[in-house]
>>> print(open('query17.cif').read())   # mmCIF, C-alpha atoms and all ligand atoms
data_final
loop_
_atom_site.group_PDB
_atom_site.id
_atom_site.type_symbol
_atom_site.label_atom_id
_atom_site.label_comp_id
_atom_site.auth_asym_id
_atom_site.auth_seq_id
_atom_site.Cartn_x
_atom_site.Cartn_y
_atom_site.Cartn_z
ATOM 1 C CA MET E 1 -57.904 16.369 19.235
ATOM 2 C CA THR E 2 -55.571 18.666 21.089
ATOM 3 C CA SER E 3 -53.988 18.207 24.477
ATOM 4 C CA GLY E 4 -53.822 21.921 25.232
ATOM 5 C CA HIS E 5 -50.344 21.701 26.684
ATOM 6 C CA ASP E 6 -46.847 21.336 25.439
ATOM 7 C CA ASN E 7 -45.640 18.214 27.230
ATOM 8 C CA ALA E 8 -44.134 15.150 25.604
ATOM 9 C CA ARG E 9 -43.000 16.676 22.304
ATOM 10 C CA PHE E 10 -41.692 14.407 19.526
ATOM 11 C CA GLU E 11 -39.989 16.674 16.953
ATOM 12 C CA GLY E 12 -37.401 14.687 15.006
ATOM 13 C CA LYS E 13 -38.666 11.352 16.356
ATOM 14 C CA ILE E 14 -39.916 8.403 14.331
ATOM 15 C CA ALA E 15 -42.680 6.323 15.901
ATOM 16 C CA TRP E 16 -43.791 2.899 14.597
ATOM 17 C CA ILE E 17 -47.271 2.163 15.875
ATOM 18 C CA THR E 18 -48.688 -1.267 15.113
ATOM 19 C CA GLY E 19 -52.431 -1.565 14.572
ATOM 20 C CA SER E 20 -52.739 2.162 13.926
ATOM 21 C CA GLY E 21 -55.374 2.039 11.171
ATOM 22 C CA ARG E 22 -58.178 2.533 13.679
ATOM 23 C CA GLY E 23 -59.068 2.528 17.377
ATOM 24 C CA MET E 24 -56.461 3.335 19.978
ATOM 25 C CA GLY E 25 -53.499 2.880 17.619
ATOM 26 C CA LYS E 26 -54.926 5.583 15.355
ATOM 27 C CA ALA E 27 -55.399 7.904 18.360
ATOM 28 C CA HIS E 28 -51.788 7.296 19.479
ATOM 29 C CA ALA E 29 -50.546 8.008 15.941
ATOM 30 C CA LEU E 30 -52.477 11.268 15.617
ATOM 31 C CA LEU E 31 -51.500 12.552 19.063
ATOM 32 C CA MET E 32 -47.798 11.866 18.505
ATOM 33 C CA ALA E 33 -47.935 13.375 15.006
ATOM 34 C CA GLU E 34 -49.681 16.448 16.411
ATOM 35 C CA ARG E 35 -46.795 16.709 18.872
ATOM 36 C CA GLY E 36 -44.158 16.475 16.141
ATOM 37 C CA ALA E 37 -43.421 12.792 15.357
ATOM 38 C CA ASP E 38 -43.195 11.138 11.961
ATOM 39 C CA ILE E 39 -45.303 7.991 12.033
ATOM 40 C CA VAL E 40 -45.266 4.466 10.629
ATOM 41 C CA VAL E 41 -48.940 3.619 10.238
ATOM 42 C CA HIS E 42 -48.914 -0.159 10.326
ATOM 43 C CA ASP E 43 -52.147 -2.105 9.951
ATOM 44 C CA VAL E 44 -53.494 -4.969 7.877
ATOM 45 C CA LEU E 45 -56.511 -2.724 7.138
ATOM 46 C CA GLU E 46 -55.147 -1.026 4.033
ATOM 47 C CA ALA E 47 -57.756 1.691 3.421
ATOM 48 C CA GLU E 48 -57.877 2.667 7.100
ATOM 49 C CA ALA E 49 -54.080 2.901 7.341
ATOM 50 C CA ALA E 50 -53.917 5.044 4.197
ATOM 51 C CA GLU E 51 -56.529 7.401 5.645
ATOM 52 C CA VAL E 52 -54.650 7.811 8.926
ATOM 53 C CA ALA E 53 -51.447 8.488 6.975
ATOM 54 C CA ALA E 54 -53.246 11.200 4.974
ATOM 55 C CA GLU E 55 -54.395 12.859 8.232
ATOM 56 C CA ILE E 56 -50.819 12.778 9.539
ATOM 57 C CA ARG E 57 -49.461 14.373 6.365
ATOM 58 C CA LYS E 58 -52.062 17.134 6.739
ATOM 59 C CA LEU E 59 -50.483 17.847 10.135
ATOM 60 C CA GLY E 60 -47.189 18.416 8.299
ATOM 61 C CA ARG E 61 -45.535 15.194 9.428
ATOM 62 C CA ARG E 62 -44.151 12.323 7.362
ATOM 63 C CA ALA E 63 -46.118 9.064 7.324
ATOM 64 C CA LEU E 64 -45.157 5.647 6.009
ATOM 65 C CA VAL E 65 -47.874 3.033 5.481
ATOM 66 C CA ALA E 66 -47.236 -0.675 6.095
ATOM 67 C CA ASN E 67 -49.819 -3.445 5.739
ATOM 68 C CA ASP E 68 -47.802 -6.502 6.733
ATOM 69 C CA ASP E 69 -49.254 -9.091 9.083
ATOM 70 C CA ILE E 70 -47.470 -8.631 12.380
ATOM 71 C CA VAL E 71 -47.159 -12.367 13.017
ATOM 72 C CA SER E 72 -44.347 -12.832 10.470
ATOM 73 C CA PRO E 73 -40.889 -12.279 12.030
ATOM 74 C CA ALA E 74 -39.306 -12.067 8.558
ATOM 75 C CA ALA E 75 -41.804 -9.419 7.457
ATOM 76 C CA MET E 76 -41.196 -7.390 10.643
ATOM 77 C CA LYS E 77 -37.430 -7.507 10.092
ATOM 78 C CA ALA E 78 -37.913 -6.371 6.498
ATOM 79 C CA LEU E 79 -40.305 -3.631 7.637
ATOM 80 C CA ALA E 80 -37.808 -2.284 10.178
ATOM 81 C CA ALA E 81 -35.226 -2.075 7.368
ATOM 82 C CA ARG E 82 -37.757 -0.358 5.083
ATOM 83 C CA ILE E 83 -38.614 2.209 7.777
ATOM 84 C CA GLU E 84 -34.932 2.944 8.364
ATOM 85 C CA LYS E 85 -34.376 3.424 4.624
ATOM 86 C CA GLU E 86 -37.469 5.547 3.946
ATOM 87 C CA LEU E 87 -37.848 7.544 7.182
ATOM 88 C CA GLY E 88 -34.862 6.844 9.393
ATOM 89 C CA PRO E 89 -34.239 4.647 12.449
ATOM 90 C CA VAL E 90 -37.164 3.955 14.773
ATOM 91 C CA ASP E 91 -37.051 5.925 18.049
ATOM 92 C CA ILE E 92 -40.389 4.739 19.400
ATOM 93 C CA LEU E 93 -42.193 1.431 18.969
ATOM 94 C CA VAL E 94 -45.744 1.059 20.232
ATOM 95 C CA ASN E 95 -46.790 -2.602 20.176
ATOM 96 C CA ASN E 96 -50.527 -2.005 19.943
ATOM 97 C CA ALA E 97 -51.988 -4.361 17.285
ATOM 98 C CA GLY E 98 -54.404 -6.804 18.792
ATOM 99 C CA ILE E 99 -57.560 -8.852 18.471
ATOM 100 C CA GLY E 100 -60.371 -9.527 20.908
ATOM 101 C CA ASP E 101 -62.332 -12.698 21.605
ATOM 102 C CA HIS E 102 -64.787 -13.739 24.300
ATOM 103 C CA LYS E 103 -64.996 -17.452 24.909
ATOM 104 C CA LYS E 104 -65.138 -19.918 27.768
ATOM 105 C CA ILE E 105 -62.166 -22.269 28.076
ATOM 106 C CA GLU E 106 -64.014 -25.200 26.456
ATOM 107 C CA GLU E 107 -64.797 -23.078 23.371
ATOM 108 C CA ILE E 108 -61.253 -21.915 22.626
ATOM 109 C CA THR E 109 -59.922 -23.914 19.671
ATOM 110 C CA PRO E 110 -56.203 -24.550 19.148
ATOM 111 C CA GLU E 111 -56.409 -22.167 16.164
ATOM 112 C CA ALA E 112 -58.008 -19.343 18.191
ATOM 113 C CA TYR E 113 -55.478 -19.869 20.993
ATOM 114 C CA GLN E 114 -52.589 -19.787 18.502
ATOM 115 C CA ARG E 115 -53.816 -16.663 16.714
ATOM 116 C CA MET E 116 -54.253 -14.845 20.042
ATOM 117 C CA PHE E 117 -50.699 -15.595 21.141
ATOM 118 C CA ASP E 118 -49.282 -15.037 17.643
ATOM 119 C CA ILE E 119 -50.640 -11.500 17.364
ATOM 120 C CA HIS E 120 -50.128 -10.283 20.919
ATOM 121 C CA VAL E 121 -46.997 -12.135 22.034
ATOM 122 C CA LYS E 122 -45.138 -13.208 18.894
ATOM 123 C CA GLY E 123 -46.011 -9.933 17.135
ATOM 124 C CA THR E 124 -44.791 -7.844 20.072
ATOM 125 C CA PHE E 125 -41.667 -9.985 20.402
ATOM 126 C CA PHE E 126 -40.497 -9.832 16.799
ATOM 127 C CA CYS E 127 -41.414 -6.194 16.148
ATOM 128 C CA THR E 128 -39.305 -5.345 19.168
ATOM 129 C CA GLN E 129 -36.483 -7.652 18.093
ATOM 130 C CA SER E 130 -36.397 -5.913 14.711
ATOM 131 C CA VAL E 131 -35.799 -2.424 16.195
ATOM 132 C CA VAL E 132 -33.454 -3.289 19.060
ATOM 133 C CA PRO E 133 -30.159 -3.453 17.115
ATOM 134 C CA ALA E 134 -30.513 0.116 15.757
ATOM 135 C CA MET E 135 -31.773 1.412 19.116
ATOM 136 C CA LYS E 136 -28.736 -0.122 20.844
ATOM 137 C CA GLN E 137 -26.426 1.406 18.293
ATOM 138 C CA ARG E 138 -27.882 4.873 18.913
ATOM 139 C CA GLY E 139 -28.246 4.462 22.682
ATOM 140 C CA TYR E 140 -31.884 5.567 22.574
ATOM 141 C CA GLY E 141 -35.269 3.889 22.458
ATOM 142 C CA ARG E 142 -38.809 3.895 23.781
ATOM 143 C CA ILE E 143 -40.905 0.748 23.626
ATOM 144 C CA VAL E 144 -44.499 0.889 24.830
ATOM 145 C CA ASN E 145 -46.311 -2.439 24.958
ATOM 146 C CA ILE E 146 -50.089 -2.394 25.033
ATOM 147 C CA SER E 147 -51.299 -5.021 27.475
ATOM 148 C CA SER E 148 -54.727 -4.759 29.144
ATOM 149 C CA ILE E 149 -56.403 -4.451 32.505
ATOM 150 C CA TRP E 150 -57.229 -8.126 31.885
ATOM 151 C CA GLY E 151 -53.527 -8.962 31.648
ATOM 152 C CA MET E 152 -53.380 -7.888 35.298
ATOM 153 C CA THR E 153 -56.736 -9.015 36.692
ATOM 154 C CA GLY E 154 -57.891 -11.765 34.340
ATOM 155 C CA THR E 155 -61.560 -12.101 33.416
ATOM 156 C CA ASN E 156 -63.977 -15.017 33.170
ATOM 157 C CA THR E 157 -64.533 -15.157 29.425
ATOM 158 C CA ALA E 158 -61.254 -14.737 27.559
ATOM 159 C CA SER E 159 -58.455 -16.715 29.187
ATOM 160 C CA HIS E 160 -56.380 -16.902 25.969
ATOM 161 C CA TYR E 161 -56.546 -13.078 25.694
ATOM 162 C CA CYS E 162 -55.688 -12.640 29.403
ATOM 163 C CA GLY E 163 -52.762 -15.068 29.131
ATOM 164 C CA ALA E 164 -51.378 -13.317 26.056
ATOM 165 C CA LYS E 165 -51.689 -9.870 27.668
ATOM 166 C CA ALA E 166 -50.013 -11.142 30.864
ATOM 167 C CA ALA E 167 -47.169 -12.489 28.713
ATOM 168 C CA VAL E 168 -46.754 -8.988 27.272
ATOM 169 C CA LEU E 169 -46.165 -7.735 30.827
ATOM 170 C CA GLY E 170 -43.480 -10.411 31.296
ATOM 171 C CA LEU E 171 -41.737 -9.313 28.100
ATOM 172 C CA THR E 172 -41.925 -5.692 29.279
ATOM 173 C CA LYS E 173 -40.126 -6.412 32.561
ATOM 174 C CA ALA E 174 -37.461 -8.634 30.994
ATOM 175 C CA TRP E 175 -36.676 -6.177 28.179
ATOM 176 C CA ALA E 176 -36.600 -3.274 30.640
ATOM 177 C CA LYS E 177 -33.784 -5.028 32.502
ATOM 178 C CA GLU E 178 -32.001 -6.304 29.414
ATOM 179 C CA LEU E 179 -32.075 -3.043 27.436
ATOM 180 C CA ALA E 180 -31.590 -0.413 30.175
ATOM 181 C CA PRO E 181 -27.810 -0.187 29.583
ATOM 182 C CA TRP E 182 -28.566 1.240 26.108
ATOM 183 C CA LYS E 183 -31.119 3.758 27.478
ATOM 184 C CA ILE E 184 -33.977 1.873 25.882
ATOM 185 C CA MET E 185 -36.981 2.301 28.166
ATOM 186 C CA VAL E 186 -39.645 -0.408 28.010
ATOM 187 C CA ASN E 187 -43.012 0.076 29.653
ATOM 188 C CA ALA E 188 -46.576 -1.166 29.327
ATOM 189 C CA VAL E 189 -49.987 0.450 29.222
ATOM 190 C CA CYS E 190 -52.918 -1.664 30.439
ATOM 191 C CA PRO E 191 -56.108 0.101 29.370
ATOM 192 C CA GLY E 192 -59.422 -0.525 31.066
ATOM 193 C CA GLY E 193 -62.520 -0.490 28.872
ATOM 194 C CA VAL E 194 -62.130 1.701 25.792
ATOM 195 C CA ILE E 195 -64.820 2.390 23.206
ATOM 196 C CA THR E 196 -63.397 0.963 19.967
ATOM 197 C CA GLU E 197 -64.504 -1.496 17.274
ATOM 198 C CA MET E 198 -62.982 -4.352 19.263
ATOM 199 C CA PRO E 199 -65.313 -4.421 22.309
ATOM 200 C CA ILE E 200 -68.275 -3.192 20.265
ATOM 201 C CA ARG E 201 -67.881 -6.232 18.003
ATOM 202 C CA VAL E 202 -66.852 -8.791 20.622
ATOM 203 C CA GLN E 203 -69.032 -7.737 23.584
ATOM 204 C CA GLY E 204 -71.775 -5.497 22.158
ATOM 205 C CA TRP E 205 -73.249 -2.227 23.454
ATOM 206 C CA ASP E 206 -75.556 -3.792 26.118
ATOM 207 C CA LYS E 207 -72.616 -5.465 27.824
ATOM 208 C CA ILE E 208 -70.469 -2.330 27.534
ATOM 209 C CA ARG E 209 -73.192 -0.147 29.138
ATOM 210 C CA GLU E 210 -73.614 -2.707 31.939
ATOM 211 C CA LYS E 211 -69.843 -2.803 32.561
ATOM 212 C CA GLU E 212 -69.554 0.995 32.503
ATOM 213 C CA LYS E 213 -71.760 1.169 35.618
ATOM 214 C CA LYS E 214 -69.118 -0.778 37.566
ATOM 215 C CA VAL E 215 -66.316 1.680 36.769
ATOM 216 C CA PRO E 216 -65.897 4.227 39.590
ATOM 217 C CA ILE E 217 -65.921 7.162 37.153
ATOM 218 C CA GLY E 218 -68.997 5.667 35.487
ATOM 219 C CA ARG E 219 -67.835 5.197 31.907
ATOM 220 C CA TRP E 220 -65.319 3.640 29.562
ATOM 221 C CA ALA E 221 -62.577 5.701 27.915
ATOM 222 C CA GLN E 222 -62.372 7.297 24.510
ATOM 223 C CA PRO E 223 -59.239 6.068 22.631
ATOM 224 C CA GLU E 224 -57.337 9.367 22.973
ATOM 225 C CA GLU E 225 -57.609 9.212 26.769
ATOM 226 C CA ILE E 226 -55.264 6.217 26.621
ATOM 227 C CA SER E 227 -52.956 7.986 24.142
ATOM 228 C CA TYR E 228 -51.818 10.489 26.776
ATOM 229 C CA SER E 229 -50.324 7.656 28.875
ATOM 230 C CA VAL E 230 -48.731 6.086 25.799
ATOM 231 C CA ALA E 231 -47.267 9.405 24.643
ATOM 232 C CA PHE E 232 -45.843 10.119 28.088
ATOM 233 C CA LEU E 233 -44.067 6.747 28.255
ATOM 234 C CA ALA E 234 -42.859 7.205 24.660
ATOM 235 C CA SER E 235 -41.387 10.616 25.411
ATOM 236 C CA ASP E 236 -38.138 11.982 26.795
ATOM 237 C CA GLU E 237 -40.051 12.750 29.998
ATOM 238 C CA ALA E 238 -39.992 9.025 30.761
ATOM 239 C CA ALA E 239 -36.181 8.767 30.763
ATOM 240 C CA PHE E 240 -36.173 7.384 34.341
ATOM 241 C CA ILE E 241 -39.150 5.043 33.955
ATOM 242 C CA THR E 242 -38.719 1.482 32.779
ATOM 243 C CA GLY E 243 -40.335 -1.898 33.431
ATOM 244 C CA GLN E 244 -43.555 -0.272 34.627
ATOM 245 C CA ALA E 245 -47.197 -0.890 33.774
ATOM 246 C CA ILE E 246 -49.689 1.950 33.981
ATOM 247 C CA SER E 247 -53.412 1.218 33.830
ATOM 248 C CA PRO E 248 -55.699 4.068 32.780
ATOM 249 C CA ASN E 249 -58.984 2.442 33.809
ATOM 250 C CA GLY E 250 -61.252 4.991 35.509
ATOM 251 C CA GLY E 251 -60.603 3.358 38.886
ATOM 252 C CA GLU E 252 -61.757 -0.124 37.893
ATOM 253 C CA THR E 253 -58.959 -1.932 39.720
ATOM 254 C CA ILE E 254 -59.291 -0.083 43.025
ATOM 255 C CA VAL E 255 -60.193 -2.569 45.738
ATOM 256 C CA GLY E 256 -61.473 -1.955 49.267
ATOM 257 C CA PHE E 257 -63.876 0.672 50.542
HETATM 258 N N1 LIG E 301 -60.740 -1.589 23.521
HETATM 259 C C1 LIG E 301 -60.494 -2.022 24.733
HETATM 260 O O1 LIG E 301 -61.383 -1.986 25.612
HETATM 261 C C2 LIG E 301 -59.116 -2.520 25.101
HETATM 262 C C3 LIG E 301 -58.809 -2.648 26.455
HETATM 263 C C4 LIG E 301 -57.527 -3.062 26.818
HETATM 264 C C5 LIG E 301 -56.576 -3.329 25.847
HETATM 265 N N2 LIG E 301 -56.899 -3.212 24.528
HETATM 266 C C6 LIG E 301 -55.828 -3.470 23.564
HETATM 267 O O2 LIG E 301 -55.542 -2.250 22.886
HETATM 268 C C7 LIG E 301 -55.009 -2.529 21.577
HETATM 269 C C8 LIG E 301 -55.792 -1.759 20.522
HETATM 270 O O3 LIG E 301 -57.120 -2.256 20.514
HETATM 271 P P1 LIG E 301 -58.393 -1.421 19.988
HETATM 272 O O4 LIG E 301 -59.425 -1.504 21.047
HETATM 273 O O5 LIG E 301 -57.974 -0.122 19.456
HETATM 274 O O6 LIG E 301 -58.879 -2.420 18.812
HETATM 275 P P2 LIG E 301 -59.090 -2.238 17.238
HETATM 276 O O7 LIG E 301 -59.608 -3.547 16.787
HETATM 277 O O8 LIG E 301 -59.879 -1.013 16.966
HETATM 278 O O9 LIG E 301 -57.601 -1.994 16.705
HETATM 279 C C9 LIG E 301 -56.665 -3.025 16.594
HETATM 280 C C10 LIG E 301 -55.944 -2.844 15.273
HETATM 281 O O10 LIG E 301 -54.922 -3.852 15.185
HETATM 282 C C11 LIG E 301 -54.897 -4.294 13.838
HETATM 283 N N3 LIG E 301 -54.352 -5.656 13.736
HETATM 284 C C12 LIG E 301 -54.907 -6.790 14.219
HETATM 285 N N4 LIG E 301 -54.193 -7.859 13.880
HETATM 286 C C13 LIG E 301 -53.128 -7.395 13.171
HETATM 287 C C14 LIG E 301 -52.029 -8.030 12.542
HETATM 288 N N5 LIG E 301 -51.923 -9.368 12.553
HETATM 289 N N6 LIG E 301 -51.104 -7.272 11.919
HETATM 290 C C15 LIG E 301 -51.250 -5.915 11.877
HETATM 291 N N7 LIG E 301 -52.286 -5.266 12.447
HETATM 292 C C16 LIG E 301 -53.223 -5.997 13.069
HETATM 293 C C17 LIG E 301 -56.358 -4.283 13.432
HETATM 294 O O11 LIG E 301 -56.535 -4.328 12.016
HETATM 295 C C18 LIG E 301 -56.870 -3.025 14.092
HETATM 296 O O12 LIG E 301 -56.814 -1.912 13.228
HETATM 297 C C19 LIG E 301 -55.088 -4.050 21.419
HETATM 298 O O13 LIG E 301 -53.834 -4.628 21.718
HETATM 299 C C20 LIG E 301 -56.127 -4.455 22.465
HETATM 300 O O14 LIG E 301 -55.964 -5.786 22.874
HETATM 301 C C21 LIG E 301 -58.154 -2.823 24.122
#
>>> encode(input="query17.cif", output="structure tokens")
Amino acid sequence: MTSGHDNARFEGKIAWITGSGRGMGKAHALLMAERGADIVVHDVLEAEAAEVAAEIRKLGRRALVANDDIVSPAAMKALAARIEKELGPVDILVNNAGIGDHKKIEEITPEAYQRMFDIHVKGTFFCTQSVVPAMKQRGYGRIVNISSIWGMTGTNTASHYCGAKAAVLGLTKAWAKELAPWKIMVNAVCPGGVITEMPIRVQGWDKIREKEKKVPIGRWAQPEEISYSVAFLASDEAAFITGQAISPNGGETIVGF
């Protein structure tokens, strides 16, 4: 994958990308490494994370692998300290790890509800909390929270997912205001449909093909098409952008005629 241009460079930057063993997180990691960043490949999928780290090292960048479950605040605090010790302080945090689920309200168990909010909201919250002190100290930071088109529009089969992704947008706006004095920019990316393991497993190909017909550009995205938005918001080019949500979605949220 190559962007063919020289924008949004990351030489000397350290980027922690949660859920980067596969899917979009992997694409974000590879694009930022290609553009000069050292990467923390963080995923509970150990083999996948190790493979992504190997690809990053082949690009000549440093890679640190972490397999901690994002839902543990203590583990995230310890991981931030480990990153600082082994690579240096985190410049960029991409809160990307997530899970999918399609269920009607009556089918959502307390356990499924809890896990959804734990991974998306608690995970995002405590990863961010663990990097903020060092970012404040250095007067620099980029935090990109991965929400979803469904965090903005809702959908009729995954209200726990939609609620968690909407909460991520609330965190984004609050942190943007709270952390702006330290030049820590906090923004969100709300992807439309993207071809990854998550929708293939949760929705299946028939449903994906049906949904693709309703997107104005006629298809879902490949993971790297979302990475360009993430990389832009993670870069120095976004020094005047904070508290915003961008939705690369092929026109899916355009209303009217
Ligand atoms: N694929 C889509 O259509 C789509 C659309 C909008 C938003 N999103 C969001 O984009 C993000 C990436 O999703 P994806 O489609 O690449 O899915 P994916 O399943 O391919 O990747 C998610 C990764 O997160 C990791 N992860 C999950 N729980 C974790 C935990 N507790 N600790 C550490 N890592 C964990 C998984 O192991 C996986 O590698 C998610 O937040 C998802 O909700 C996806």
>>> closest_residue(input="query17.cif", among="E:Pro223, E:Gly170, E:Gly250, E:Pro73", to="Ile195 of chain E", atoms="all atoms listed in the file")
E:Pro223
>>> closest_atom_pairs(input="query17.cif", of="chain E", to="ligand LIG 301 (chain E)", cutoff="7 Å", atoms="only C-alpha atoms and all ligand atoms", output="CSV")
residue,atom,partner,partner_atom,distance
E:Thr18,CA,E:LIG301,N7,6.0
E:Gly19,CA,E:LIG301,O10,3.4
E:Ser20,CA,E:LIG301,O12,5.8
E:Gly21,CA,E:LIG301,O12,4.7
E:Arg22,CA,E:LIG301,O12,4.7
E:Gly23,CA,E:LIG301,O5,3.5
E:Met24,CA,E:LIG301,O5,3.8
E:Gly25,CA,E:LIG301,O5,5.7
E:His42,CA,E:LIG301,C15,6.4
E:Asp43,CA,E:LIG301,N7,4.0
E:Val44,CA,E:LIG301,C15,4.7
E:Leu45,CA,E:LIG301,O11,5.1
E:Asn67,CA,E:LIG301,C15,6.8
E:Asp68,CA,E:LIG301,N6,6.2
E:Asp69,CA,E:LIG301,N6,3.8
E:Ile70,CA,E:LIG301,N6,3.9
E:Val71,CA,E:LIG301,N5,5.6
E:Asn96,CA,E:LIG301,O13,4.6
E:Ala97,CA,E:LIG301,O10,3.6
E:Gly98,CA,E:LIG301,O13,3.7
E:Ile99,CA,E:LIG301,C12,5.4
E:Gly100,CA,E:LIG301,O14,6.1
E:Ile119,CA,E:LIG301,N5,5.4
E:His120,CA,E:LIG301,O13,6.8
E:Ile146,CA,E:LIG301,O13,5.5
E:Ser147,CA,E:LIG301,C5,5.8
E:Ser148,CA,E:LIG301,C4,4.0
E:Ile149,CA,E:LIG301,C4,6.0
E:Cys190,CA,E:LIG301,C4,6.0
E:Pro191,CA,E:LIG301,C4,4.3
E:Gly192,CA,E:LIG301,C3,5.1
E:Gly193,CA,E:LIG301,O1,3.8
E:Val194,CA,E:LIG301,O1,3.8
E:Ile195,CA,E:LIG301,N1,5.7
E:Thr196,CA,E:LIG301,O4,4.8
E:Glu197,CA,E:LIG301,O8,4.7
E:Met198,CA,E:LIG301,O7,4.3
E:Pro199,CA,E:LIG301,N1,5.5
>>> atom_distance(input="query17.cif", atom1="atom CA of Lys13 of chain E", atom2="atom CA of Ile246 of chain E")
22.8 Å
>>> residues_around(input="query17.cif", residues="segment 102-108 of chain E", least_positions_apart="3", cutoff="12 Å", atoms="only C-alpha atoms", output="PyMOL selection string")
chain E and resi 99+111-116+155-163+198-204+207
>>> resolve_selection(input="query17.cif", expression="the PyMOL selection byres (((chain E and resi 139) around 12) and not hetatm)", output="number ranges by chain")
E: 89-91, 132-138, 140-142, 179-185
>>> atom_distance(input="query17.cif", atom1="atom CA of Ser130 of chain E", atom2="atom CA of Arg62 of chain E")
21.1 Å
>>> build_atoms(input="query17.cif", residues="segment 62-82 of chain E", atoms="N, CA and C atoms", output="PDB file, in the coordinates of the input")
ATOM      1  N   ARG E  62     -44.316  13.399   8.328  1.00  0.00           N
ATOM      2  CA  ARG E  62     -44.151  12.323   7.362  1.00  0.00           C
ATOM      3  C   ARG E  62     -44.895  11.080   7.872  1.00  0.00           C
ATOM      4  N   ALA E  63     -45.441  10.301   6.934  1.00  0.00           N
ATOM      5  CA  ALA E  63     -46.118   9.064   7.324  1.00  0.00           C
ATOM      6  C   ALA E  63     -45.755   7.968   6.336  1.00  0.00           C
ATOM      7  N   LEU E  64     -45.430   6.805   6.862  1.00  0.00           N
ATOM      8  CA  LEU E  64     -45.157   5.647   6.009  1.00  0.00           C
ATOM      9  C   LEU E  64     -46.222   4.595   6.323  1.00  0.00           C
ATOM     10  N   VAL E  65     -46.821   4.037   5.275  1.00  0.00           N
ATOM     11  CA  VAL E  65     -47.874   3.033   5.481  1.00  0.00           C
ATOM     12  C   VAL E  65     -47.307   1.634   5.289  1.00  0.00           C
ATOM     13  N   ALA E  66     -47.629   0.734   6.226  1.00  0.00           N
ATOM     14  CA  ALA E  66     -47.236  -0.675   6.095  1.00  0.00           C
ATOM     15  C   ALA E  66     -48.450  -1.543   6.384  1.00  0.00           C
ATOM     16  N   ASN E  67     -48.644  -2.593   5.572  1.00  0.00           N
ATOM     17  CA  ASN E  67     -49.819  -3.445   5.739  1.00  0.00           C
ATOM     18  C   ASN E  67     -49.456  -4.900   6.044  1.00  0.00           C
ATOM     19  N   ASP E  68     -48.229  -5.120   6.477  1.00  0.00           N
ATOM     20  CA  ASP E  68     -47.802  -6.502   6.733  1.00  0.00           C
ATOM     21  C   ASP E  68     -48.488  -7.089   7.961  1.00  0.00           C
ATOM     22  N   ASP E  69     -48.726  -8.391   7.909  1.00  0.00           N
ATOM     23  CA  ASP E  69     -49.254  -9.091   9.083  1.00  0.00           C
ATOM     24  C   ASP E  69     -48.142  -9.183  10.125  1.00  0.00           C
ATOM     25  N   ILE E  70     -48.464  -8.736  11.322  1.00  0.00           N
ATOM     26  CA  ILE E  70     -47.470  -8.631  12.380  1.00  0.00           C
ATOM     27  C   ILE E  70     -46.905  -9.989  12.828  1.00  0.00           C
ATOM     28  N   VAL E  71     -47.591 -11.065  12.491  1.00  0.00           N
ATOM     29  CA  VAL E  71     -47.159 -12.367  13.017  1.00  0.00           C
ATOM     30  C   VAL E  71     -45.947 -12.943  12.280  1.00  0.00           C
ATOM     31  N   SER E  72     -45.497 -12.308  11.216  1.00  0.00           N
ATOM     32  CA  SER E  72     -44.347 -12.832  10.470  1.00  0.00           C
ATOM     33  C   SER E  72     -43.044 -12.157  10.915  1.00  0.00           C
ATOM     34  N   PRO E  73     -42.157 -12.873  11.606  1.00  0.00           N
ATOM     35  CA  PRO E  73     -40.889 -12.279  12.030  1.00  0.00           C
ATOM     36  C   PRO E  73     -40.071 -11.760  10.843  1.00  0.00           C
ATOM     37  N   ALA E  74     -40.087 -12.493   9.726  1.00  0.00           N
ATOM     38  CA  ALA E  74     -39.306 -12.067   8.558  1.00  0.00           C
ATOM     39  C   ALA E  74     -39.863 -10.743   8.012  1.00  0.00           C
ATOM     40  N   ALA E  75     -41.185 -10.654   7.961  1.00  0.00           N
ATOM     41  CA  ALA E  75     -41.804  -9.419   7.457  1.00  0.00           C
ATOM     42  C   ALA E  75     -41.503  -8.249   8.386  1.00  0.00           C
ATOM     43  N   MET E  76     -41.471  -8.491   9.706  1.00  0.00           N
ATOM     44  CA  MET E  76     -41.196  -7.390  10.643  1.00  0.00           C
ATOM     45  C   MET E  76     -39.743  -6.921  10.516  1.00  0.00           C
ATOM     46  N   LYS E  77     -38.834  -7.874  10.280  1.00  0.00           N
ATOM     47  CA  LYS E  77     -37.430  -7.507  10.092  1.00  0.00           C
ATOM     48  C   LYS E  77     -37.283  -6.657   8.819  1.00  0.00           C
ATOM     49  N   ALA E  78     -37.967  -7.114   7.766  1.00  0.00           N
ATOM     50  CA  ALA E  78     -37.913  -6.371   6.498  1.00  0.00           C
ATOM     51  C   ALA E  78     -38.557  -4.994   6.658  1.00  0.00           C
ATOM     52  N   LEU E  79     -39.627  -4.914   7.444  1.00  0.00           N
ATOM     53  CA  LEU E  79     -40.305  -3.631   7.637  1.00  0.00           C
ATOM     54  C   LEU E  79     -39.407  -2.657   8.409  1.00  0.00           C
ATOM     55  N   ALA E  80     -38.720  -3.166   9.420  1.00  0.00           N
ATOM     56  CA  ALA E  80     -37.808  -2.284  10.178  1.00  0.00           C
ATOM     57  C   ALA E  80     -36.748  -1.705   9.242  1.00  0.00           C
ATOM     58  N   ALA E  81     -36.238  -2.543   8.326  1.00  0.00           N
ATOM     59  CA  ALA E  81     -35.226  -2.075   7.368  1.00  0.00           C
ATOM     60  C   ALA E  81     -35.830  -1.041   6.414  1.00  0.00           C
ATOM     61  N   ARG E  82     -37.080  -1.297   5.998  1.00  0.00           N
ATOM     62  CA  ARG E  82     -37.757  -0.358   5.083  1.00  0.00           C
ATOM     63  C   ARG E  82     -37.976   1.005   5.768  1.00  0.00           C
TER      64      ARG E  82
END
